[in-house]
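Chemist: The file below is my_file_11.txt, compact mmCIF, C-alpha atoms and all ligand atoms:
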```txt
# COMPACT_ATOMS: atom_id res chain seq x y z
CA MET A 1 57.29 8.34 14.19
CA LYS A 2 53.63 7.72 13.60
CA ILE A 3 52.55 7.42 9.95
CA HIS A 4 49.06 8.54 8.97
CA ARG A 5 47.32 6.81 6.09
CA VAL A 6 45.46 9.22 3.83
CA VAL A 7 43.23 8.52 0.83
CA LEU A 8 44.45 10.48 -2.19
CA ILE A 9 41.94 11.31 -4.91
CA PRO A 10 43.77 12.93 -7.85
CA GLY A 11 40.47 13.86 -9.57
CA ASP A 12 40.38 15.15 -13.14
CA GLY A 13 41.16 18.26 -15.23
CA ILE A 14 44.04 19.99 -13.42
CA GLY A 15 43.52 17.61 -10.45
CA PRO A 16 46.32 15.09 -11.21
CA GLU A 17 48.82 17.92 -11.96
CA VAL A 18 48.24 19.81 -8.71
CA THR A 19 47.97 16.61 -6.65
CA GLN A 20 51.33 15.37 -7.91
CA ALA A 21 52.96 18.72 -7.09
CA VAL A 22 51.54 18.71 -3.57
CA GLN A 23 52.56 15.10 -2.96
CA ARG A 24 56.11 15.97 -3.95
CA ILE A 25 56.31 18.97 -1.59
CA LEU A 26 54.84 16.93 1.28
CA GLU A 27 57.35 14.17 0.67
CA VAL A 28 60.37 16.50 0.60
CA ALA A 29 59.09 18.27 3.73
CA GLY A 30 58.93 14.92 5.52
CA ALA A 31 55.18 14.78 6.18
CA PRO A 32 54.46 11.50 8.02
CA LEU A 33 51.84 10.39 5.50
CA GLU A 34 51.22 7.25 3.47
CA TRP A 35 48.87 7.45 0.51
CA GLU A 36 46.14 5.11 -0.67
CA GLU A 37 45.05 6.28 -4.10
CA ARG A 38 41.38 6.06 -5.08
CA GLN A 39 39.35 7.42 -7.98
CA ALA A 40 36.35 9.74 -8.17
CA GLY A 41 34.82 11.91 -10.90
CA ILE A 42 35.31 11.45 -14.64
CA THR A 43 38.31 9.12 -14.21
CA ALA A 44 36.25 6.84 -11.97
CA LEU A 45 33.33 6.94 -14.39
CA GLU A 46 35.61 5.83 -17.22
CA SER A 47 37.19 2.98 -15.26
CA SER A 48 34.27 1.73 -13.16
CA GLY A 49 31.08 3.24 -14.55
CA GLU A 50 30.42 5.26 -11.39
CA VAL A 51 31.49 8.80 -10.48
CA LEU A 52 31.92 7.83 -6.83
CA PRO A 53 32.77 4.12 -6.45
CA ALA A 54 31.85 2.52 -3.12
CA GLU A 55 35.48 1.50 -2.57
CA THR A 56 36.52 5.19 -2.55
CA VAL A 57 33.94 5.98 0.15
CA GLU A 58 34.94 2.88 2.14
CA ALA A 59 38.62 3.82 1.99
CA ILE A 60 37.88 7.26 3.46
CA GLN A 61 35.70 5.67 6.15
CA ARG A 62 38.60 3.36 7.00
CA HIS A 63 41.38 5.96 7.14
CA ARG A 64 39.17 8.91 8.13
CA LEU A 65 41.23 11.31 6.05
CA ALA A 66 41.39 12.24 2.39
CA LEU A 67 43.16 14.80 0.22
CA LYS A 68 41.13 15.35 -2.88
CA GLY A 69 41.79 17.04 -6.20
CA PRO A 70 38.87 18.56 -8.13
CA CYS A 71 36.47 15.95 -9.54
CA SER A 72 33.97 16.80 -12.24
CA THR A 73 30.58 15.22 -12.67
CA PRO A 74 28.77 15.03 -16.06
CA ILE A 75 26.13 17.77 -16.18
CA SER A 76 23.51 15.47 -17.75
CA GLU A 77 20.64 14.09 -15.67
CA GLY A 78 21.30 10.98 -13.61
CA PHE A 79 24.61 12.01 -12.07
CA THR A 80 24.72 13.50 -8.59
CA SER A 81 27.83 15.62 -8.04
CA VAL A 82 30.77 13.71 -6.57
CA ASN A 83 31.34 16.48 -4.04
CA VAL A 84 27.72 16.55 -2.91
CA GLN A 85 27.63 12.73 -2.62
CA LEU A 86 30.86 12.61 -0.63
CA ARG A 87 29.69 15.29 1.79
CA GLN A 88 26.34 13.60 2.30
CA LYS A 89 27.57 9.99 2.50
CA LEU A 90 30.41 10.79 4.89
CA LYS A 91 28.36 13.35 6.85
CA LEU A 92 31.00 16.04 6.24
CA TYR A 93 28.62 18.69 7.47
CA SER A 94 31.04 21.57 7.91
CA ALA A 95 33.03 23.22 5.12
CA VAL A 96 35.80 25.49 6.35
CA ARG A 97 37.38 27.99 3.99
CA PRO A 98 39.98 30.39 5.31
CA ILE A 99 40.33 33.53 3.17
CA SER A 100 43.54 35.45 3.80
CA SER A 101 45.57 38.11 2.04
CA LEU A 102 49.01 36.81 1.13
CA LYS A 103 52.15 38.92 0.87
CA GLY A 104 53.29 38.84 -2.74
CA VAL A 105 49.75 38.43 -4.10
CA PRO A 106 48.65 42.01 -4.75
CA THR A 107 44.90 42.60 -4.58
CA ARG A 108 42.60 45.51 -3.90
CA TYR A 109 42.50 44.70 -0.19
CA GLN A 110 45.13 44.25 2.49
CA GLY A 111 44.75 42.44 5.78
CA VAL A 112 41.82 40.17 4.88
CA ASP A 113 41.62 37.35 7.41
CA LEU A 114 38.24 35.72 7.20
CA ILE A 115 36.96 32.22 7.87
CA ILE A 116 33.90 30.96 6.02
CA ILE A 117 31.89 28.09 7.49
CA ARG A 118 29.36 26.55 5.11
CA GLU A 119 26.67 24.02 6.00
CA ASN A 120 27.50 21.20 3.64
CA THR A 121 24.65 18.68 3.62
CA GLU A 122 21.27 20.24 2.90
CA GLY A 123 19.45 23.35 1.61
CA LEU A 124 19.04 23.38 -2.17
CA TYR A 125 21.81 20.75 -2.40
CA SER A 126 19.45 18.10 -1.04
CA GLY A 127 18.93 17.17 -4.68
CA VAL A 128 15.14 16.90 -4.49
CA GLU A 129 13.95 18.15 -7.87
CA ASN A 130 10.69 17.37 -9.61
CA ARG A 131 9.08 17.95 -12.95
CA VAL A 132 5.58 19.04 -11.98
CA THR A 133 4.14 19.68 -15.45
CA ASP A 134 5.64 20.19 -18.92
CA ASP A 135 5.96 23.83 -17.95
CA VAL A 136 7.04 23.59 -14.32
CA VAL A 137 10.07 22.12 -12.60
CA MET A 138 10.91 22.64 -8.99
CA SER A 139 13.80 22.22 -6.56
CA MET A 140 13.25 21.79 -2.86
CA LYS A 141 15.22 23.65 -0.23
CA ILE A 142 15.40 21.48 2.87
CA SER A 143 16.47 22.71 6.29
CA THR A 144 16.40 20.56 9.40
CA GLN A 145 16.75 21.63 12.99
CA THR A 146 19.32 18.86 13.46
CA ALA A 147 21.66 20.14 10.73
CA CYS A 148 21.13 23.84 11.52
CA ARG A 149 21.93 23.32 15.21
CA ARG A 150 24.84 21.01 14.41
CA ILE A 151 26.56 23.53 12.11
CA ALA A 152 25.87 26.43 14.51
CA ARG A 153 27.43 24.52 17.42
CA TRP A 154 30.38 23.50 15.27
CA ALA A 155 30.97 27.08 14.07
CA PHE A 156 30.83 28.64 17.53
CA ARG A 157 33.10 25.97 19.00
CA PHE A 158 35.57 26.51 16.15
CA ALA A 159 35.42 30.28 16.71
CA THR A 160 36.26 29.78 20.38
CA GLN A 161 39.18 27.44 19.61
CA ARG A 162 40.56 29.85 17.01
CA ARG A 163 40.01 32.89 19.29
CA ARG A 164 37.71 34.55 16.79
CA ARG A 165 35.60 37.43 18.07
CA LYS A 166 32.53 37.56 15.81
CA ILE A 167 30.30 35.36 13.66
CA THR A 168 28.15 36.92 10.94
CA ILE A 169 25.33 34.93 9.36
CA PHE A 170 24.39 35.70 5.77
CA HIS A 171 20.75 34.76 5.13
CA LYS A 172 17.60 35.55 3.19
CA ALA A 173 15.07 34.94 5.96
CA ASN A 174 13.05 37.95 4.83
CA ILE A 175 12.01 35.82 1.81
CA MET A 176 12.66 32.21 2.90
CA LYS A 177 11.07 32.67 6.26
CA LEU A 178 10.90 29.02 7.26
CA THR A 179 14.16 27.55 5.91
CA ASP A 180 16.53 30.48 6.44
CA GLY A 181 14.45 31.44 9.47
CA LEU A 182 15.32 28.08 11.04
CA PHE A 183 19.02 28.50 10.21
CA LEU A 184 18.97 31.87 11.98
CA SER A 185 16.98 30.82 15.03
CA CYS A 186 19.28 27.83 15.66
CA ALA A 187 22.40 29.99 15.43
CA ARG A 188 20.86 32.64 17.68
CA GLU A 189 19.90 30.02 20.25
CA VAL A 190 23.38 28.44 20.30
CA GLN A 191 25.03 31.84 20.66
CA GLU A 192 22.70 33.03 23.46
CA HIS A 193 22.91 29.81 25.48
CA ASP A 194 26.51 28.73 25.02
CA TYR A 195 28.66 31.43 23.46
CA PRO A 196 27.57 34.86 24.75
CA ASN A 197 31.18 36.08 24.53
CA ILE A 198 31.27 35.73 20.76
CA GLU A 199 29.73 38.66 18.95
CA TYR A 200 26.84 37.68 16.68
CA GLU A 201 25.45 39.47 13.63
CA GLU A 202 22.80 38.73 10.99
CA VAL A 203 23.11 40.26 7.52
CA ILE A 204 20.90 39.68 4.46
CA VAL A 205 23.03 37.83 1.90
CA ASP A 206 22.75 40.37 -0.93
CA ALA A 207 23.70 43.28 1.33
CA GLY A 208 26.44 41.10 2.81
CA CYS A 209 28.00 40.60 -0.64
CA MET A 210 28.04 44.35 -1.17
CA LYS A 211 29.66 44.89 2.23
CA LEU A 212 32.25 42.22 1.49
CA VAL A 213 33.44 43.93 -1.67
CA GLN A 214 33.40 47.35 0.02
CA ASP A 215 35.51 46.25 2.99
CA PRO A 216 36.07 42.54 3.71
CA THR A 217 38.08 43.35 6.85
CA GLN A 218 34.85 44.23 8.67
CA PHE A 219 34.06 40.49 8.91
CA ASP A 220 35.74 37.91 11.11
CA MET A 221 33.85 34.65 10.51
CA LEU A 222 30.90 33.99 8.20
CA LEU A 223 28.39 31.18 8.74
CA LEU A 224 26.19 30.33 5.76
CA GLU A 225 23.78 27.70 4.54
CA ASN A 226 24.93 25.53 1.65
CA LEU A 227 24.25 27.55 -1.52
CA TYR A 228 25.17 30.97 -0.11
CA GLY A 229 28.33 29.37 1.25
CA ASP A 230 29.26 28.10 -2.20
CA VAL A 231 28.73 31.43 -3.93
CA VAL A 232 30.22 33.64 -1.22
CA SER A 233 33.34 31.43 -0.97
CA ASP A 234 34.19 32.14 -4.60
CA LEU A 235 33.41 35.82 -4.17
CA CYS A 236 35.79 35.91 -1.20
CA ALA A 237 38.46 34.00 -3.15
CA GLY A 238 38.34 36.88 -5.63
CA LEU A 239 39.11 39.33 -2.82
CA VAL A 240 42.47 37.72 -2.03
CA GLY A 241 43.84 36.65 -5.43
CA GLY A 242 41.47 34.06 -6.85
CA LEU A 243 40.72 30.37 -6.64
CA GLY A 244 44.40 29.45 -6.69
CA VAL A 245 44.91 30.63 -3.10
CA VAL A 246 41.87 29.34 -1.20
CA PRO A 247 42.03 26.01 0.63
CA GLY A 248 39.14 24.04 2.03
CA ALA A 249 38.23 21.31 4.47
CA ASN A 250 35.03 19.27 4.69
CA ILE A 251 34.75 18.03 8.23
CA GLY A 252 32.40 15.66 10.01
CA ASP A 253 32.45 13.93 13.38
CA GLU A 254 34.12 10.82 11.98
CA GLN A 255 36.19 11.89 8.98
CA ALA A 256 37.50 14.84 7.00
CA VAL A 257 38.22 15.50 3.32
CA PHE A 258 40.58 18.33 2.38
CA GLU A 259 40.31 19.95 -1.05
CA ALA A 260 40.93 23.20 -2.88
CA VAL A 261 37.87 25.38 -3.48
CA HIS A 262 38.54 25.53 -7.23
CA GLY A 263 37.18 23.10 -9.80
CA SER A 264 38.90 21.06 -12.50
CA ALA A 265 39.59 24.12 -14.72
CA PRO A 266 39.38 22.09 -17.98
CA THR A 267 40.55 25.07 -20.07
CA ILE A 268 44.07 24.90 -18.60
CA ALA A 269 44.21 21.16 -17.84
CA GLY A 270 47.24 19.30 -19.21
CA LYS A 271 49.18 22.51 -19.93
CA GLY A 272 51.30 22.32 -16.79
CA VAL A 273 50.36 25.84 -15.68
CA ALA A 274 47.85 25.17 -12.87
CA ASN A 275 48.58 26.65 -9.47
CA PRO A 276 48.98 23.87 -6.88
CA LEU A 277 48.93 26.35 -3.98
CA ALA A 278 45.26 25.98 -2.99
CA LEU A 279 45.63 22.20 -2.70
CA LEU A 280 48.95 22.64 -0.89
CA MET A 281 47.26 24.99 1.59
CA SER A 282 44.50 22.37 2.02
CA ALA A 283 47.18 19.77 2.77
CA VAL A 284 48.63 22.12 5.39
CA MET A 285 45.15 22.37 6.94
CA MET A 286 45.02 18.57 6.93
CA LEU A 287 48.35 18.31 8.75
CA GLU A 288 47.14 20.81 11.37
CA TYR A 289 43.92 18.79 11.74
CA ILE A 290 45.93 15.58 12.29
CA ALA A 291 48.20 17.38 14.78
CA GLU A 292 45.17 18.51 16.76
CA LYS A 293 43.01 15.38 16.52
CA ARG A 294 45.73 12.77 16.90
CA LYS A 295 48.05 14.85 19.09
CA ASP A 296 50.93 14.53 16.65
CA GLU A 297 53.23 17.53 17.03
CA SER A 298 55.39 16.43 14.05
CA CYS A 299 52.47 17.19 11.70
CA HIS A 300 52.25 20.70 13.10
CA GLU A 301 55.98 21.21 12.54
CA VAL A 302 55.82 20.04 8.93
CA ALA A 303 52.71 22.18 8.31
CA SER A 304 54.50 25.32 9.59
CA ARG A 305 57.59 24.59 7.50
CA ILE A 306 55.53 24.22 4.33
CA GLN A 307 53.51 27.33 5.11
CA LYS A 308 56.64 29.41 5.67
CA ALA A 309 58.11 28.01 2.45
CA TYR A 310 55.20 28.96 0.20
CA LEU A 311 54.88 32.37 1.85
CA ARG A 312 58.60 32.98 1.24
CA ALA A 313 58.29 31.89 -2.42
CA LEU A 314 55.34 34.24 -2.97
CA ALA A 315 57.01 37.15 -1.18
CA ASP A 316 60.03 36.67 -3.50
CA GLY A 317 57.69 37.01 -6.49
CA ARG A 318 57.98 33.32 -7.40
CA LYS A 319 54.40 32.53 -8.37
CA THR A 320 52.19 31.02 -11.05
CA GLN A 321 50.54 32.88 -13.91
CA ASP A 322 47.09 33.10 -12.31
CA LEU A 323 48.72 35.24 -9.58
CA GLY A 324 50.55 37.49 -12.05
CA GLY A 325 53.79 35.49 -11.97
CA ASP A 326 55.55 33.58 -14.72
CA LEU A 327 56.14 30.13 -13.21
CA ASN A 328 54.50 26.96 -14.38
CA THR A 329 53.34 24.24 -11.97
CA GLU A 330 56.69 22.50 -11.87
CA ALA A 331 58.77 25.67 -11.40
CA PHE A 332 56.52 26.87 -8.55
CA THR A 333 56.75 23.45 -6.92
CA GLU A 334 60.55 23.66 -7.08
CA ALA A 335 60.43 27.21 -5.68
CA VAL A 336 58.49 25.98 -2.63
CA ILE A 337 60.87 23.05 -2.20
CA GLU A 338 63.91 25.36 -2.34
CA SER A 339 62.28 27.62 0.25
CA LEU A 340 61.82 24.67 2.62
CA GLY A 341 65.52 25.17 3.36
P1 LIG A 401 34.59 23.05 -12.91
O1 LIG A 401 33.61 22.78 -14.01
O2 LIG A 401 35.29 21.80 -12.47
O3 LIG A 401 34.04 23.87 -11.78
P2 LIG A 401 35.66 25.51 -14.00
O4 LIG A 401 36.81 25.83 -14.93
O5 LIG A 401 34.30 25.87 -14.43
O6 LIG A 401 35.75 23.94 -13.58
P3 LIG A 401 37.14 26.34 -11.77
O7 LIG A 401 38.04 25.21 -12.00
O8 LIG A 401 36.70 26.55 -10.39
O9 LIG A 401 35.87 26.25 -12.63
O10 LIG A 401 37.94 27.60 -12.26
C1 LIG A 401 37.50 28.73 -12.97
C2 LIG A 401 38.74 29.36 -13.62
O11 LIG A 401 39.66 29.78 -12.61
C3 LIG A 401 39.52 28.38 -14.47
O12 LIG A 401 39.07 28.37 -15.79
C4 LIG A 401 40.93 28.85 -14.36
O13 LIG A 401 41.17 29.88 -15.31
C5 LIG A 401 41.01 29.47 -12.99
N1 LIG A 401 41.58 28.54 -12.01
C6 LIG A 401 40.93 27.76 -11.10
N2 LIG A 401 41.75 27.04 -10.38
C7 LIG A 401 42.99 27.34 -10.81
C8 LIG A 401 44.32 26.91 -10.46
N3 LIG A 401 44.52 26.02 -9.49
N4 LIG A 401 45.36 27.42 -11.13
C9 LIG A 401 45.18 28.33 -12.10
N5 LIG A 401 43.98 28.79 -12.50
C10 LIG A 401 42.89 28.31 -11.86
```
Let me see whether you can do it: turn the structure in this file into C-alpha cells.
Ligand code: ATP

Modeler:
Amino acid sequence: MKIHRVVLIPGDGIGPEVTQAVQRILEVAGAPLEWEERQAGITALESSGEVLPAETVEAIQRHRLALKGPCSTPISEGFTSVNVQLRQKLKLYSAVRPISSLKGVPTRYQGVDLIIIRENTEGLYSGVENRVTDDVVMSMKISTQTACRRIARWAFRFATQRRRRKITIFHKANIMKLTDGLFLSCAREVQEHDYPNIEYEEVIVDAGCMKLVQDPTQFDMLLLENLYGDVVSDLCAGLVGGLGVVPGANIGDEQAVFEAVHGSAPTIAGKGVANPLALLMSAVMMLEYIAEKRKDESCHEVASRIQKAYLRALADGRKTQDLGGDLNTEAFTEAVIESLG
C-alpha cells in the first residue's frame, strides 16, 4: 500500500483539539497517511518568532499536501495573516468550499448542495495599504487578468468534472467597474469559448446574499473574488448548521492545503467542546483529492467509510453542542469511530 506524507499544522485555539480528533479517526479508519508536524500561527510565533516559518512552507512544497488547523495571526501591524501568506506563497489560487445540508443537523433549509469557489490570491487581500495623510488611509484592490482567467478556467473545469450545471458569479462591477469588471469578463470569455454547456449567471453580490437566504437551492456553484468569497462562505455555512460543518480546500497547480472554514474560536478553546467535523470533512476532501491526483483507490475507500460514519453518527443524533447535541469533542470522535463499523 502506498503511504502519502502529509504536513500537519495543528494551529492554535481549538486547532490542536480538533486536529487530534481527526488524526485519531483517520488512523482507526486506516487512512494511508504519514504525518510531518509543522507549526504556524501563534504557536509558531512563540517558538520561532515568525507566524509562518520558512520550514513549514518548505515542508508543504516537499510533500505537496497539508492538513491545517486554524491559525491566528496577531491583529497588530506588521503581521500578515498566516492564511493569506500560505495561499500567496504556495500559489493556492482556488478555495473550494462545499456547502451541504446534513441529515441530523436541522436548519431552515433542506437540500442545500452548493459549491463555493473563491479566488484566493488577490483583490483586497493583496495587502497593499498606505497611509496617505494623517486623515486618509487606503487599501488597494488588485485584479489581474492572469488570476481572473486562471480561477475562471479552474472553476469551469471543476464544474465539468463534478457534473455541475450552473456557475453564478457574485460581483459588484456596477461600482468597481475595472476590478470586478475584469473578473466578470474573464469568466464570461472562458464560459463562451470553452464551456458553453455550463449555464452562466451574473448576480450583484448584495442581491445575491438576499437570494441565498431566501432560497439557497436556486444556486449550484458560486464563483467569487477573494473578499466576497470569504464573507459569502460564512453566510452559506450559516445556512447548513454553522462553521462546524463546512470543510475547505486551498488548491494550486503544485500543492493543496485542506482546512476547516472556521477560525481558532478562542472563546471555547481548551474546553474540549469544539466540533472536529469541519476538519474531518476537510480531511475527507484531502483523501478524495489524493485518490484522484495520485490514482490511489484506497484513499477513496477510506474517505467514503469516514463520510458514511459521520453521517450515521449525526443521523443518530450523536453530535456536538454547536449543532444542538450534547457531545464533547472526545465523545463525538468516539461516536464516529464506532460508526466506522
Ligand atoms: P478567529 O479569530 O480565529 O477567526 P473567531 O472565534 O473570531 O476566531 P471562528 O473561530 O471562525 O471565529 O468562530 C466563530 C464562533 O463560531 C466561535 O466563537 C464558536 O462559537 C463557533 N465555532 C467555530 N468553529 C467551531 C467549532 N469547530 N466547534 C464549535 N464551535 C465553533

Chemist: Can you find the residues with an atom no farther than 8 Å from (33.6, 35.2, 7.8), counting only C-alpha atoms, and report them as a PDB file with C-alpha atoms, keeping the file's coordinate frame?

Modeler:
```pdb
ATOM      1  CA  LEU A 114      38.240  35.720   7.200  1.00  0.00           C
ATOM      2  CA  ILE A 115      36.960  32.220   7.870  1.00  0.00           C
ATOM      3  CA  ILE A 116      33.900  30.960   6.020  1.00  0.00           C
ATOM      4  CA  ILE A 117      31.890  28.090   7.490  1.00  0.00           C
ATOM      5  CA  ILE A 167      30.300  35.360  13.660  1.00  0.00           C
ATOM      6  CA  THR A 168      28.150  36.920  10.940  1.00  0.00           C
ATOM      7  CA  PHE A 219      34.060  40.490   8.910  1.00  0.00           C
ATOM      8  CA  ASP A 220      35.740  37.910  11.110  1.00  0.00           C
ATOM      9  CA  MET A 221      33.850  34.650  10.510  1.00  0.00           C
ATOM     10  CA  LEU A 222      30.900  33.990   8.200  1.00  0.00           C
ATOM     11  CA  LEU A 223      28.390  31.180   8.740  1.00  0.00           C
TER      12      LEU A 223
END
```

Chemist: Using only C-alpha atoms, what table do you get, as CSV, when you list each residue of stretch 32-142 of chain A with an atom no more than 12 Å from stretch 316-321 of chain A, its nearest pair of atoms, and their distance in Å rounded to one decimal, rows by chain then rising number?

Modeler:
```
residue,atom,partner,partner_atom,distance
A:Leu102,CA,A:Gly317,CA,11.6
A:Lys103,CA,A:Asp316,CA,9.3
A:Gly104,CA,A:Gly317,CA,6.1
A:Val105,CA,A:Gly317,CA,8.4
A:Pro106,CA,A:Gly317,CA,10.5
```

Chemist: Write the residues of the selection above to a file with C-alpha atoms, as a PDB file, in the coordinates of the input.

Modeler:
```pdb
ATOM      1  CA  LEU A 102      49.010  36.810   1.130  1.00  0.00           C
ATOM      2  CA  LYS A 103      52.150  38.920   0.870  1.00  0.00           C
ATOM      3  CA  GLY A 104      53.290  38.840  -2.740  1.00  0.00           C
ATOM      4  CA  VAL A 105      49.750  38.430  -4.100  1.00  0.00           C
ATOM      5  CA  PRO A 106      48.650  42.010  -4.750  1.00  0.00           C
TER       6      PRO A 106
END
```

Chemist: Fewer than 3 positions away in the same chain doesn't count, so skip those; otherwise give me all residues within 9 Å of stretch 159-165 of chain A, counting all atoms listed in the file, as a count of residues only.

Modeler: 10

Chemist: Residues within 9 Å of ligand LIG 401 (chain A) (all atoms listed in the file), as a VMD selection string?

Modeler: chain A and resid 12 to 15 18 70 to 73 234 242 to 245 260 to 268 273 to 279 320 to 323 329

Chemist: When you count all atoms listed in the file, which of these residues is closest to A:Glu55: A:Glu36, A:Glu129, A:Asp134, A:Asp253?

Modeler: A:Glu36

Chemist: Residues near stretch 171-183 of chain A, anyone? I mean within 7 Å using only C-alpha atoms, not counting same-chain ones fewer than 6 positions away, as a list in words.

Modeler: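 That gives Ile142, Ser143, Gln145, Cys148, Val203, Ile204 and Val205 of chain A.
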
Chemist: A:Leu235, A:Leu227, A:Leu26, A:Ala31: which is nearest A:Glu122, counting only C-alpha atoms?

Modeler: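 So, comparing all the options, the nearest one is A:Leu227.
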
Chemist: Using Å and a single decimal, report how far atom CA of A:Leu239 sits from atom CA of A:Cys186.

Modeler: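 Atom CA of A:Cys186 sits 29.4 Å away from atom CA of A:Leu239.
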
Chemist: Between stretch 62-133 of chain A and stretch 210-215 of chain A, at 10 Å or less, what are the per-residue closest atom pairs and their distances in Å? Count only C-alpha atoms, order by chain and rising residue number, and return it as JSON lines.

Modeler:
```
{"residue": "A:Arg108", "atom": "CA", "partner": "A:Val213", "partner_atom": "CA", "distance": 9.6}
{"residue": "A:Tyr109", "atom": "CA", "partner": "A:Asp215", "partner_atom": "CA", "distance": 7.8}
{"residue": "A:Gln110", "atom": "CA", "partner": "A:Asp215", "partner_atom": "CA", "distance": 9.8}
{"residue": "A:Val112", "atom": "CA", "partner": "A:Asp215", "partner_atom": "CA", "distance": 9.0}
```

Chemist: Suppose you want the space between atom CA of A:Arg97 and atom CA of A:Met285; what is it in Å?

Modeler: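 These atoms are spaced 10.0 Å apart.
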
Chemist: I'd like the neighbourhood of stretch 59-64 of chain A as a short mmCIF file (atom, residue, chain, number, x, y, z; two decimals) with C-alpha atoms, in the frame of the given file, where a residue qualifies if any of its atoms comes within 7 Å (using only C-alpha atoms), though same-chain residues fewer than 5 positions away should be ignored.

Modeler:
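Final file, result_39.cif:
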```
data_model
loop_
_atom_site.label_atom_id
_atom_site.label_comp_id
_atom_site.auth_asym_id
_atom_site.auth_seq_id
_atom_site.Cartn_x
_atom_site.Cartn_y
_atom_site.Cartn_z
CA ARG A 5 47.32 6.81 6.09
CA VAL A 6 45.46 9.22 3.83
CA VAL A 7 43.23 8.52 0.83
CA GLU A 254 34.12 10.82 11.98
CA GLN A 255 36.19 11.89 8.98
CA ALA A 256 37.50 14.84 7.00
#
```

Chemist: Determine, counting all atoms listed in the file, which protein, DNA and RNA residues have an atom within 10 Å of an atom of A:Pro16; residues of the same chain fewer than 6 positions away are not included. Present the result as a PDB file with C-alpha atoms, keeping the file's coordinate frame.

Modeler:
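Saved to around.pdb:
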```pdb
ATOM      1  CA  ILE A   9      41.940  11.310  -4.910  1.00  0.00           C
ATOM      2  CA  PRO A  10      43.770  12.930  -7.850  1.00  0.00           C
ATOM      3  CA  VAL A  22      51.540  18.710  -3.570  1.00  0.00           C
ATOM      4  CA  LYS A  68      41.130  15.350  -2.880  1.00  0.00           C
ATOM      5  CA  GLY A  69      41.790  17.040  -6.200  1.00  0.00           C
ATOM      6  CA  PRO A  70      38.870  18.560  -8.130  1.00  0.00           C
ATOM      7  CA  SER A 264      38.900  21.060 -12.500  1.00  0.00           C
ATOM      8  CA  ALA A 269      44.210  21.160 -17.840  1.00  0.00           C
ATOM      9  CA  GLY A 270      47.240  19.300 -19.210  1.00  0.00           C
TER      10      GLY A 270
END
```

Chemist: Atom CA of A:Leu90 and atom CA of A:Phe258 are how many Å apart?

Modeler: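 Between atom CA of A:Leu90 and atom CA of A:Phe258 the gap works out to 12.9 Å.
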
Chemist: Using all atoms of stretch 263-274 of chain A listed in the file and a margin of 4 Å per side, can you give the axis-aligned box centre and edge lengths in Å to one decimal, as AutoDock Vina command-line options?

Modeler:
```
--center_x 44.2 --center_y 22.6 --center_z -14.9 --size_x 22.1 --size_y 14.5 --size_z 18.3
```
